[in-house]
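A.B. asks: So that you have it, the file is data-v1.cif, and it contains mmCIF, C-alpha atoms:
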data_input
loop_
_atom_site.label_atom_id
_atom_site.label_comp_id
_atom_site.auth_asym_id
_atom_site.auth_seq_id
_atom_site.Cartn_x
_atom_site.Cartn_y
_atom_site.Cartn_z
CA MET A 27 112.14 108.72 89.02
CA GLU A 28 114.54 111.14 87.45
CA LYS A 29 117.58 109.83 85.69
CA LYS A 30 120.43 110.25 88.13
CA GLY A 31 124.16 109.84 88.11
CA VAL A 32 124.74 111.71 84.84
CA MET A 33 127.37 114.40 85.22
CA LYS A 34 126.41 117.79 83.87
CA GLU A 35 128.60 120.86 83.88
CA VAL A 36 127.48 123.37 86.49
CA ARG A 37 126.97 126.79 84.96
CA MET A 38 125.76 129.67 87.05
CA ASP A 39 125.77 133.42 86.85
CA VAL A 40 127.49 134.42 90.08
CA GLN A 41 128.36 138.08 90.25
CA SER A 42 130.57 138.24 93.37
CA GLU A 43 133.12 136.24 95.28
CA LEU A 44 130.93 136.51 98.38
CA ALA A 45 128.06 134.77 96.56
CA MET A 46 130.40 132.08 95.29
CA ASN A 47 131.83 131.51 98.77
CA ILE A 48 128.33 131.08 100.19
CA ILE A 49 127.33 128.70 97.40
CA ASN A 50 130.52 126.70 97.88
CA TYR A 51 129.84 126.32 101.60
CA LEU A 52 126.23 125.23 101.08
CA ILE A 53 127.19 122.64 98.44
CA ILE A 54 130.28 121.25 100.17
CA GLU A 55 129.31 121.43 103.84
CA GLU A 56 125.49 121.39 103.87
CA ASN A 57 124.90 118.94 101.02
CA TYR A 58 122.85 121.32 98.86
CA ILE A 59 122.74 120.78 95.14
CA TYR A 60 122.54 123.40 92.44
CA VAL A 61 119.18 123.24 90.64
CA GLY A 62 119.12 126.63 88.94
CA ASN A 63 120.01 127.68 85.44
CA GLU A 64 122.64 130.02 83.99
CA ARG A 65 120.65 133.09 85.04
CA GLU A 66 119.17 132.11 88.41
CA VAL A 67 120.85 130.51 91.41
CA TRP A 68 118.69 127.97 93.25
CA LEU A 69 120.05 125.53 95.83
CA GLU A 70 118.09 122.56 97.12
CA ASN A 71 118.47 120.14 100.01
CA LEU A 72 115.16 118.39 100.62
CA SER A 73 116.60 116.55 103.64
CA HIS A 74 117.64 119.67 105.54
CA PRO A 75 115.54 119.95 108.73
CA THR A 76 114.96 123.71 108.43
CA VAL A 77 115.69 125.17 104.98
CA GLN A 78 115.00 123.00 101.97
CA LEU A 79 115.24 125.61 99.19
CA ILE A 80 117.44 128.69 98.75
CA TYR A 81 117.10 131.43 96.18
CA LEU A 82 120.15 133.65 95.77
CA ASN A 83 119.05 137.10 94.64
CA GLN A 84 121.73 139.18 92.91
CA ARG A 85 119.61 141.40 90.69
CA SER A 86 118.30 144.79 91.70
CA ILE A 87 114.56 145.10 92.35
CA PHE A 88 113.36 148.66 91.85
CA ASN A 89 109.60 148.49 92.39
CA GLU A 90 106.83 146.57 94.11
CA GLU A 91 105.77 144.79 90.93
CA GLN A 92 109.22 143.26 90.48
CA SER A 93 109.19 142.22 94.11
CA GLN A 94 105.81 140.51 93.79
CA GLN A 95 106.94 138.81 90.59
CA THR A 96 109.92 137.34 92.47
CA PHE A 97 107.67 136.05 95.24
CA ARG A 98 105.24 134.52 92.74
CA GLN A 99 108.08 132.72 91.03
CA ILE A 100 109.31 131.36 94.35
CA GLU A 101 105.80 130.13 95.19
CA ARG A 102 105.52 128.36 91.80
CA VAL A 103 108.84 126.59 92.30
CA ARG A 104 107.96 125.67 95.86
CA SER A 105 104.54 124.28 94.91
CA ARG A 106 106.02 122.21 92.11
CA ILE A 107 108.64 120.67 94.40
CA ARG A 108 106.08 119.92 97.12
CA ARG A 109 103.82 118.09 94.67
CA ARG A 110 106.64 116.20 93.06
CA TYR A 111 108.24 114.98 96.29
CA LEU A 112 105.13 114.77 98.52
CA MET A 113 106.43 117.33 100.98
CA TRP A 114 104.21 118.78 103.68
CA LYS A 115 106.86 121.25 104.80
CA LEU A 116 109.16 123.16 102.46
CA ASN A 117 110.85 126.28 103.78
CA VAL A 118 112.52 128.80 101.50
CA VAL A 119 115.24 131.33 102.21
CA ILE A 120 116.02 134.26 99.94
CA LEU A 121 119.66 135.23 100.32
CA ASN A 122 119.53 138.80 99.08
CA LEU A 123 122.94 140.11 98.05
CA ASP A 124 121.68 143.27 96.39
CA HIS A 125 121.45 146.22 98.79
CA LEU A 126 119.05 148.14 96.50
CA SER A 127 116.45 145.37 96.91
CA ILE A 128 116.36 145.45 100.71
CA PRO A 129 113.38 147.85 101.05
CA LEU A 130 111.25 145.77 98.66
CA LEU A 131 112.14 142.19 99.55
CA HIS A 132 110.28 141.37 102.74
CA SER A 133 107.90 138.51 103.43
CA GLN A 134 105.32 137.66 106.08
CA SER A 135 104.95 134.03 104.93
CA HIS A 136 105.70 131.41 107.57
CA TYR A 137 107.69 129.35 105.06
CA LEU A 138 109.73 132.18 103.51
CA LYS A 139 112.56 134.13 105.10
CA VAL A 140 114.52 136.97 103.49
CA ILE A 141 118.10 137.41 104.70
CA ASN A 142 120.04 140.45 103.50
CA ILE A 143 123.79 140.10 103.05
CA ASN A 144 126.02 142.94 101.89
CA GLN A 145 129.38 141.85 103.22
CA ALA A 146 131.01 138.67 104.52
CA HIS A 147 130.70 139.70 108.18
CA ASP A 148 126.90 140.00 107.76
CA VAL A 149 126.83 136.20 107.54
CA ALA A 150 128.45 135.71 110.95
CA LYS A 151 126.15 138.30 112.56
CA ASP A 152 122.81 137.09 111.19
CA ALA A 153 120.87 135.20 113.86
CA HIS A 154 118.85 133.15 111.39
CA LEU A 155 121.91 131.93 109.50
CA LYS A 156 123.56 130.99 112.79
CA LYS A 157 120.50 128.90 113.63
CA PHE A 158 120.17 127.30 110.20
CA TYR A 159 123.89 126.66 109.62
CA PRO A 160 125.93 126.76 112.86
CA LYS A 161 129.23 126.07 111.09
CA LEU A 162 128.83 128.95 108.65
CA SER A 163 129.87 131.60 111.16
CA HIS A 164 133.31 129.97 111.43
CA ILE A 165 133.95 129.83 107.68
CA LYS A 166 136.08 132.47 105.97
CA LEU A 167 134.12 133.69 102.96
CA GLU A 168 137.04 135.34 101.22
CA ARG A 169 138.45 132.68 98.91
CA PRO A 170 139.06 133.57 95.23
CA MET A 171 136.32 132.67 92.74
CA SER A 172 138.62 130.66 90.46
CA GLU A 173 139.51 128.32 93.33
CA LEU A 174 135.89 127.93 94.37
CA ILE A 175 134.67 127.08 90.86
CA VAL A 176 137.15 124.20 90.64
CA GLU A 177 136.12 122.93 94.08
CA ILE A 178 132.41 123.03 93.25
CA GLN A 179 132.98 121.20 89.97
CA ASN A 180 135.01 118.49 91.74
CA ALA A 181 132.38 118.12 94.47
CA THR A 182 129.64 117.83 91.85
CA LYS A 183 131.57 115.15 89.98
CA LYS A 184 132.12 113.24 93.21
CA LYS A 185 128.41 113.34 94.08
CA ALA A 186 127.46 112.22 90.57
CA LEU A 187 129.87 109.28 90.82
CA GLU A 188 128.47 108.28 94.21
CA ILE A 189 124.93 108.35 92.81
CA HIS A 190 126.00 106.33 89.78
CA ASN A 191 127.63 103.66 91.98
CA LEU A 192 124.58 103.59 94.22
CA LEU A 193 122.06 103.08 91.45
CA THR A 194 124.08 100.51 89.51
CA PHE A 195 124.16 98.15 92.55
CA GLN A 196 127.86 97.41 92.37
CA LYS A 197 127.96 95.77 95.80
CA ARG A 198 126.74 92.21 96.27
CA PRO A 199 123.90 91.91 98.82
CA TYR A 200 125.55 89.28 101.02
CA VAL A 201 123.06 89.65 103.88
CA ILE A 202 120.14 89.12 101.51
CA PHE A 203 121.83 86.12 99.91
CA GLY A 204 122.48 84.74 103.40
CA LEU A 205 118.81 85.05 104.35
CA LEU A 206 117.70 83.32 101.15
CA CYS A 207 120.19 80.53 101.84
CA ILE A 208 118.35 79.93 105.11
CA LEU A 209 114.77 80.23 103.84
CA ILE A 210 115.08 77.79 100.94
CA PRO A 211 116.82 74.90 102.78
CA MET A 212 114.42 75.35 105.69
CA PHE A 213 111.46 75.01 103.32
CA ILE A 214 112.96 71.83 101.83
CA PHE A 215 113.58 70.41 105.31
CA LEU A 216 110.01 71.09 106.44
CA SER A 217 108.63 69.59 103.23
CA PHE A 218 109.59 66.14 104.55
CA LYS A 219 107.67 66.60 107.78
CA PRO A 220 104.17 65.07 108.33
CA ILE A 221 102.28 68.27 107.63
CA ASP A 222 99.15 66.47 106.32
CA ASN A 223 98.10 65.40 109.79
CA TRP A 224 100.22 67.69 111.95
CA GLY A 225 100.70 70.83 109.84
CA THR A 226 99.94 73.44 112.47
CA ILE A 227 101.67 71.48 115.23
CA VAL A 228 104.82 70.95 113.15
CA ALA A 229 104.87 74.69 112.45
CA ILE A 230 104.72 75.38 116.19
CA VAL A 231 107.41 72.79 116.92
CA TYR A 232 109.83 74.42 114.49
CA GLY A 233 109.31 77.99 115.64
CA ALA A 234 106.04 79.44 114.33
CA LYS A 235 104.36 82.23 116.27
CA TYR A 236 102.18 80.58 118.92
CA ASN A 237 100.85 83.05 121.44
CA PRO A 238 100.62 80.85 124.57
CA LEU A 239 104.28 79.83 124.26
CA ILE A 240 105.35 83.43 123.71
CA LEU A 241 103.47 84.38 126.88
CA ALA A 242 105.24 81.48 128.60
CA GLY A 243 108.59 83.10 127.82
CA GLU A 244 109.60 81.75 124.40
CA TYR A 245 110.29 85.22 123.02
CA TRP A 246 112.49 83.79 120.29
CA ARG A 247 109.21 82.92 118.55
CA LEU A 248 108.97 86.60 117.65
CA ILE A 249 111.93 86.02 115.28
CA THR A 250 111.85 82.41 114.10
CA PRO A 251 108.47 82.52 112.26
CA ALA A 252 110.21 84.60 109.57
CA PHE A 253 112.28 81.55 108.55
CA ILE A 254 109.39 79.08 108.19
CA HIS A 255 107.32 78.38 105.06
CA PHE A 256 105.14 75.41 104.15
CA ASP A 257 103.63 76.73 100.92
CA LEU A 258 105.88 77.04 97.85
CA LEU A 259 104.03 80.05 96.41
CA HIS A 260 104.28 81.84 99.77
CA LEU A 261 108.03 81.20 99.82
CA LEU A 262 108.57 82.33 96.21
CA LEU A 263 106.65 85.56 96.74
CA ASN A 264 108.65 86.41 99.84
CA VAL A 265 111.95 85.46 98.23
CA ALA A 266 111.25 87.65 95.20
CA PHE A 267 110.09 90.49 97.40
CA ILE A 268 113.07 90.30 99.75
CA TYR A 269 115.61 90.03 96.95
CA GLN A 270 114.17 92.92 94.95
CA PHE A 271 113.98 95.37 97.83
CA GLY A 272 116.71 93.88 99.99
CA LYS A 273 119.50 94.41 97.48
CA MET A 274 118.57 98.09 97.28
CA THR A 275 118.39 98.40 101.06
CA GLU A 276 121.77 96.74 101.57
CA GLN A 277 123.34 98.86 98.83
CA VAL A 278 122.28 102.07 100.57
CA PHE A 279 122.31 101.19 104.29
CA GLY A 280 125.19 98.72 104.31
CA TRP A 281 125.17 95.10 105.44
CA TRP A 282 125.01 95.44 109.21
CA LYS A 283 122.24 98.05 109.23
CA THR A 284 120.27 95.92 106.78
CA LEU A 285 120.66 92.91 109.07
CA ILE A 286 119.37 94.92 112.05
CA ILE A 287 116.44 96.25 110.00
CA MET A 288 115.46 92.73 108.91
CA MET A 289 115.64 91.11 112.35
CA SER A 290 113.89 94.06 114.02
CA SER A 291 111.15 93.96 111.40
CA ALA A 292 110.60 90.26 112.06
CA PHE A 293 110.41 90.95 115.80
CA VAL A 294 108.01 93.91 115.62
CA GLY A 295 105.91 92.28 112.90
CA ASN A 296 105.40 89.09 114.88
CA LEU A 297 104.82 91.14 118.02
CA PHE A 298 101.97 92.92 116.21
CA SER A 299 100.61 89.53 115.20
CA TYR A 300 100.95 88.31 118.81
CA ALA A 301 98.96 91.31 120.00
CA PHE A 302 96.14 91.17 117.45
CA VAL A 303 96.02 87.69 115.84
CA SER A 304 95.26 84.56 117.86
CA ASN A 305 96.13 82.12 115.06
CA VAL A 306 99.50 80.49 114.43
CA SER A 307 101.57 82.66 112.06
CA LEU A 308 104.70 82.11 109.99
CA GLY A 309 106.54 83.45 106.95
CA ALA A 310 109.13 86.06 105.99
CA SER A 311 106.55 88.68 105.05
CA THR A 312 107.45 90.64 108.19
CA ILE A 313 111.01 91.01 106.87
CA ALA A 314 109.79 91.85 103.38
CA TYR A 315 107.58 94.65 104.67
CA GLY A 316 110.33 95.77 107.02
CA LEU A 317 112.58 96.32 104.02
CA LEU A 318 109.75 98.29 102.48
CA GLY A 319 109.58 100.44 105.62
CA GLY A 320 113.33 101.02 105.42
CA LEU A 321 112.96 102.15 101.82
CA LEU A 322 110.17 104.54 102.84
CA PHE A 323 112.60 106.17 105.27
CA LEU A 324 115.13 106.29 102.46
CA GLY A 325 112.60 108.04 100.22
CA LEU A 326 111.82 110.59 102.92
CA GLU A 327 115.50 111.12 103.75
CA ASN A 328 116.60 111.48 100.12
CA ARG A 329 113.47 112.61 98.31
CA LYS A 330 115.41 113.86 95.31
CA MET A 331 116.65 110.41 94.40
CA PHE A 332 114.13 107.97 95.85
CA MET A 333 110.72 109.66 96.10
CA GLY A 334 109.84 108.18 92.71
CA LEU A 335 110.32 104.74 94.26
CA VAL A 336 107.95 105.66 97.10
CA LYS A 337 105.25 107.01 94.78
CA ASN A 338 105.47 104.37 92.06
CA MET A 339 106.20 101.22 94.02
CA ILE A 340 106.01 101.42 97.82
CA LEU A 341 102.62 103.14 98.11
CA PRO A 342 100.94 100.86 95.51
CA ILE A 343 102.28 97.77 97.31
CA LEU A 344 100.93 99.03 100.63
CA LEU A 345 97.53 99.71 99.11
CA LEU A 346 97.50 96.23 97.54
CA SER A 347 98.45 94.69 100.88
CA ILE A 348 95.56 96.47 102.61
CA PHE A 349 93.18 95.21 99.90
CA LEU A 350 94.40 91.60 100.16
CA THR A 351 94.15 91.69 103.94
CA ALA A 352 90.57 92.90 103.68
CA ILE A 353 89.44 90.13 101.31
CA ASP A 354 91.56 87.21 102.60
CA PRO A 355 91.38 86.46 106.33
CA VAL A 356 94.37 84.08 106.05
CA VAL A 357 96.70 87.01 105.32
CA ASP A 358 98.28 88.30 108.53
CA GLY A 359 97.85 92.00 107.85
CA TYR A 360 98.95 92.95 111.36
CA GLY A 361 102.23 91.15 110.83
CA HIS A 362 102.75 93.09 107.60
CA LEU A 363 101.89 96.37 109.30
CA GLY A 364 104.20 95.63 112.22
CA GLY A 365 107.07 94.64 109.96
CA PHE A 366 106.64 97.83 107.95
CA LEU A 367 106.53 100.07 111.03
CA GLY A 368 109.44 98.23 112.59
CA GLY A 369 111.58 98.63 109.49
CA PHE A 370 110.73 102.30 109.22
CA LEU A 371 111.43 103.09 112.88
CA ILE A 372 114.68 101.12 113.02
CA ALA A 373 115.89 102.71 109.78
CA THR A 374 115.07 106.11 111.28
CA ILE A 375 117.10 105.29 114.39
CA LEU A 376 120.08 103.94 112.43
CA GLY A 377 120.06 106.64 109.76
CA LEU A 378 121.90 106.59 106.45
CA PRO A 379 125.69 106.45 106.16
CA SER A 380 127.29 109.85 105.50
CA TYR A 381 124.03 111.69 106.28
CA PRO A 382 123.43 114.07 109.20
CA HIS A 383 122.01 112.28 112.23
CA TYR A 384 119.27 114.33 113.87
CA LEU A 385 119.01 113.50 117.58
CA SER A 386 115.44 114.79 117.98
CA ARG A 387 114.19 112.51 115.22
CA THR A 388 116.13 109.55 116.61
CA PHE A 389 114.79 110.16 120.12
CA LEU A 390 111.21 110.30 118.82
CA ALA A 391 111.65 107.02 116.91
CA VAL A 392 113.20 105.29 119.96
CA ALA A 393 110.42 106.52 122.26
CA THR A 394 107.75 105.44 119.78
CA LEU A 395 109.30 101.98 119.49
CA ILE A 396 109.54 101.52 123.27
CA VAL A 397 105.92 102.56 123.86
CA LEU A 398 104.76 100.43 120.95
CA ILE A 399 106.56 97.29 122.11
CA SER A 400 105.36 97.69 125.70
CA GLY A 401 101.76 98.15 124.64
CA LEU A 402 101.86 95.21 122.24
CA PHE A 403 103.20 92.83 124.89
CA ILE A 404 100.39 93.84 127.24
CA ARG A 405 97.73 93.49 124.57
CA GLY A 406 99.12 90.11 123.49
CA ALA A 407 98.91 88.78 127.04
CA ASN A 408 95.28 89.90 127.24
CA LEU A 409 94.52 88.23 123.92
CA VAL A 410 95.93 84.90 125.14
CA GLU A 411 93.80 85.08 128.28
CA ARG A 412 90.66 85.66 126.20
CA THR A 413 91.37 82.88 123.66
CA ASP A 414 90.83 79.14 124.06
CA TYR A 415 93.96 77.28 122.93
CA THR A 416 93.01 73.95 124.51
CA SER A 417 92.86 72.01 121.24
CA HIS A 418 96.27 73.15 120.00
CA ASN A 419 97.82 72.65 123.43
CA GLN A 420 96.53 69.06 123.61
CA ASP A 421 97.71 68.28 120.07
CA LEU A 422 101.13 69.73 120.84
CA ILE A 423 101.48 67.57 123.95
CA ARG A 424 100.24 64.52 122.02
CA TYR A 425 102.83 65.16 119.28
CA TYR A 426 105.71 65.12 121.77
CA LEU A 427 104.27 62.02 123.46
CA LEU A 428 104.39 60.22 120.11
CA GLU A 429 107.95 61.49 119.66
CA GLY A 430 108.85 60.09 123.08
CA ASN A 431 110.07 63.43 124.36
CA GLU A 432 108.89 63.27 127.96
CA GLU A 433 110.94 66.27 129.03
CA LYS A 434 109.17 68.47 126.49
CA VAL A 435 105.79 67.07 127.51
CA LEU A 436 106.41 68.00 131.14
CA TYR A 437 107.52 71.46 130.11
CA LEU A 438 104.36 72.02 128.01
CA ILE A 439 102.09 70.77 130.75
CA GLU A 440 103.63 73.24 133.16
CA ALA A 441 103.68 76.13 130.64
CA LEU A 442 100.32 75.65 128.92
CA VAL A 443 97.95 73.72 131.14
CA GLU A 444 96.38 75.62 134.01
#
Any chance you could give the structure as structure tokens?
C.D. replies:
Amino acid sequence: MEKKGVMKEVRMDVQSELAMNIINYLIIEENYIYVGNEREVWLENLSHPTVQLIYLNQRSIFNEEQSQQTFRQIERVRSRIRRRYLMWKLNVVILNLDHLSIPLLHSQSHYLKVININQAHDVAKDAHLKKFYPKLSHIKLERPMSELIVEIQNATKKKALEIHNLLTFQKRPYVIFGLLCILIPMFIFLSFKPIDNWGTIVAIVYGAKYNPLILAGEYWRLITPAFIHFDLLHLLLNVAFIYQFGKMTEQVFGWWKTLIIMMSSAFVGNLFSYAFVSNVSLGASTIAYGLLGGLLFLGLENRKMFMGLVKNMILPILLLSIFLTAIDPVVDGYGHLGGFLGGFLIATILGLPSYPHYLSRTFLAVATLIVLISGLFIRGANLVERTDYTSHNQDLIRYYLLEGNEEKVLYLIEALVE
């Protein structure tokens, strides 16, 4: 990952007030950043839904060879960015401010658009700019260059400070600490229970995922398994995982969005397990992988800052999880997958603070989640019907008989015994 949060003075060769007005708008209003050098003006916003890279052409192009050289340079820059940030789509716009270059700068590429601008009113009239940047047609592009330079420098300093604060984790992750303060005491409490003879039954009693009871209406069992651990190593791995990725998630998303991501991940993860795994399941791995899914959305939303995290940490962890699931049947890989997908979809729906919220993307994520949940409930019910749970059902009833809880016994007989 690149070193971020270090303030560098922005130096650019801008030859007109019109160009500086356009640059100022794109940086201040559209969240582009300047990635060029002192001779070339490049603007980049990898999160923009339509135009991720802008090249501002101010120099005159007199022949076809110069034109082709410009296009080759743009293709090199585009290819490098796509490889670096794992981008399938990367659209480029050439804002051509030199009227002599108009006859030679034209492109048939699906990803490259050339827009010619000679005067400020050309911006308001251009159909493509209206589509890409609806607010731009209402902006007056006639402010003096000296004023704009100061504004761009201040905006750049502000962004650098925000990045610095983000990456230094100045906020305490209270939601993550709260979750850990539940997991650890719960583990200690369960350690005193008779797990030698009744391990699986005790897990069910205290909220583990047990498919027949979920089918009977105990839907809270799609959340509570995330708080139960019987194995110390299992607990420590999940605690380390959740703390490491949770503090980053809470720093970026905020506490209440992080809380929603965690609980939704537990729900979807255990729902996946309900639909595909007949065994009793427990553990906070669904939350851990949900946080990982949230961070994947973060990497896709802000590739510039967090794609290194996706490439160097998230993808290797996912590959390792797939490998462990393949070699160890005890590992609930479906729960991990469900937690990851749940975290990603919920993070997509919630979005990041201070970032544009795209309704089409949100609608797609909501629709996907609804269809997914509906299908998983149906498949889970079919799995219960095909699986023999007689032994566990009898042991569960026997446990409550020994406890003297007749009311619970009657409930289980009605819910579990045909």
A.B. asks: I would like the residues chosen by the PyMOL selection byres ((chain A and resi 97) around 12) on the shown file; could you give them as a ChimeraX atom specification?
C.D. replies: /A:81,83,87,90-96,98-104,118-120,130-135,137-140
A.B. asks: State, in Å with one decimal place, the distance from CA of Leu241 in chain A to CA of Ser304 in chain A.
C.D. replies: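 Interatomic distance, CA of Leu241 in chain A to CA of Ser304 in chain A: 12.2 Å.
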A.B. asks: Between A:Thr351, A:Thr394, A:Ser217, A:Ser400, which is the closest to Leu258 in chain A once you count all atoms listed in the file?
C.D. replies: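 Checking each of A:Thr351, A:Thr394, A:Ser217, A:Ser400 against Leu258 in chain A, counting all atoms listed in the file, the winner is A:Ser217.
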A.B. asks: If we count only C-alpha atoms and set the cut-off at 7 Å, which residues sit around Gly365 in chain A, ignoring sequence neighbours fewer than 5 positions away in its own chain? Please answer as a list in words.
C.D. replies: Ser291, Ala292, Val294, Gly295, Thr312, Ile313, Tyr315 and Gly316 of chain A
A.B. asks: Suppose a student applies the PyMOL selection byres ((chain A and resi 85) around 12) to this structure; what residues should they get, written as a compact mmCIF listing (two decimals) with C-alpha atoms, in the frame of the given file?
C.D. replies:
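Heads up, here's the output in part-v7.txt:
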# COMPACT_ATOMS: atom_id res chain seq x y z
CA ASP A 39 125.77 133.42 86.85
CA VAL A 40 127.49 134.42 90.08
CA GLN A 41 128.36 138.08 90.25
CA SER A 42 130.57 138.24 93.37
CA ARG A 65 120.65 133.09 85.04
CA GLU A 66 119.17 132.11 88.41
CA VAL A 67 120.85 130.51 91.41
CA TYR A 81 117.10 131.43 96.18
CA LEU A 82 120.15 133.65 95.77
CA ASN A 83 119.05 137.10 94.64
CA GLN A 84 121.73 139.18 92.91
CA SER A 86 118.30 144.79 91.70
CA ILE A 87 114.56 145.10 92.35
CA PHE A 88 113.36 148.66 91.85
CA GLN A 92 109.22 143.26 90.48
CA SER A 93 109.19 142.22 94.11
CA THR A 96 109.92 137.34 92.47
CA LEU A 121 119.66 135.23 100.32
CA ASN A 122 119.53 138.80 99.08
CA LEU A 123 122.94 140.11 98.05
CA ASP A 124 121.68 143.27 96.39
CA HIS A 125 121.45 146.22 98.79
CA LEU A 126 119.05 148.14 96.50
CA SER A 127 116.45 145.37 96.91
CA ILE A 128 116.36 145.45 100.71
CA LEU A 131 112.14 142.19 99.55
A.B. asks: Have a look at CA of Met274 in chain A and CA of Met288 in chain A and let me know their distance in Å, one decimal.
C.D. replies: 13.2 Å
A.B. asks: Which value, in Å to one decimal, gives the distance between CA of Ala407 in chain A and CA of Ile240 in chain A?
C.D. replies: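 Atom-to-atom, CA of Ala407 in chain A and CA of Ile240 in chain A are spaced 9.0 Å apart.
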A.B. asks: For the structure shown, which residues end up in the PyMOL selection byres ((chain A and resi 208) around 12)? Put them as JSON, numbers by chain, please?
C.D. replies: {"A": [201, 202, 203, 204, 205, 206, 207, 209, 210, 211, 212, 213, 214, 215, 250, 252, 253, 254, 255, 261, 265, 310]}
A.B. asks: Box for range 75-89 of chain A: with edges along x, y and z, all listed atoms inside and 3 Å added on each side, what are the centre and edge lengths in Å to one decimal, as lines of an AutoDock Vina configuration file?
C.D. replies:
center_x = 115.7
center_y = 134.3
center_z = 99.7
size_x = 18.1
size_y = 34.7
size_z = 24.0
A.B. asks: I want to know what sits within 12 Å of Tyr159 in chain A, based on only C-alpha atoms, with residues of the same chain fewer than 6 positions away left out; could you give that as a PyMOL selection string?
C.D. replies: chain A and resi 48+51-52+55-57+74-77+149-150+152-153+165
A.B. asks: Between A:Leu344, A:Leu442, A:Ile141, A:Met46, which has the minimum distance to Leu363 in chain A (counting only C-alpha atoms)?
C.D. replies: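 Between A:Leu344, A:Leu442, A:Ile141, A:Met46, the residue approaching Leu363 in chain A most closely is A:Leu344.
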A.B. asks: Kindly indicate which residue among A:Ile375, A:Asn264, A:Glu327, A:Gly309 lies nearest to Ser290 in chain A, using all atoms listed in the file for the distances.
C.D. replies: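 Nearest to Ser290 in chain A: A:Ile375.
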A.B. asks: Return the single residue from A:Ile49, A:Phe366, A:Ser172, A:Val231 that is closest to Ile423 in chain A, with distances computed using all atoms listed in the file.
C.D. replies: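 With all atoms listed in the file as the atom set, the closest residue is A:Val231.
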A.B. asks: Tell me, as a PyMOL selection string, which residues lie within 8 Å of Leu378 in chain A, counting all atoms listed in the file; anything in the same chain fewer than 4 positions away does not count.
C.D. replies: chain A and resi 278-279+324+373
A.B. asks: Identify, on the basis of only C-alpha atoms, every residue whose closest approach to Phe370 in chain A does not exceed 10 Å; exclude the query and any residue fewer than 6 positions from it along the same chain; express the result as a list in words.
C.D. replies: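 Surrounding residues, per the criterion: Ile287, Ser291, Tyr315, Gly316, Leu317, Leu318, Gly319, Gly320, Leu321, Leu322, Phe323, Leu324, Gly364 and Ala391 of chain A.
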A.B. asks: Could you check which of A:Leu376, A:Ile404, A:Ala314, A:Leu390 is closest to Ile343 in chain A, using all atoms listed in the file?
C.D. replies: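 The closest residue to Ile343 in chain A is A:Ala314.
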A.B. asks: Of the candidates A:Asn328, A:Gln145, A:Asn117, A:Asn296, which shows the shortest atom-to-atom distance to Ser73 in chain A, using only C-alpha atoms?
C.D. replies: A:Asn328
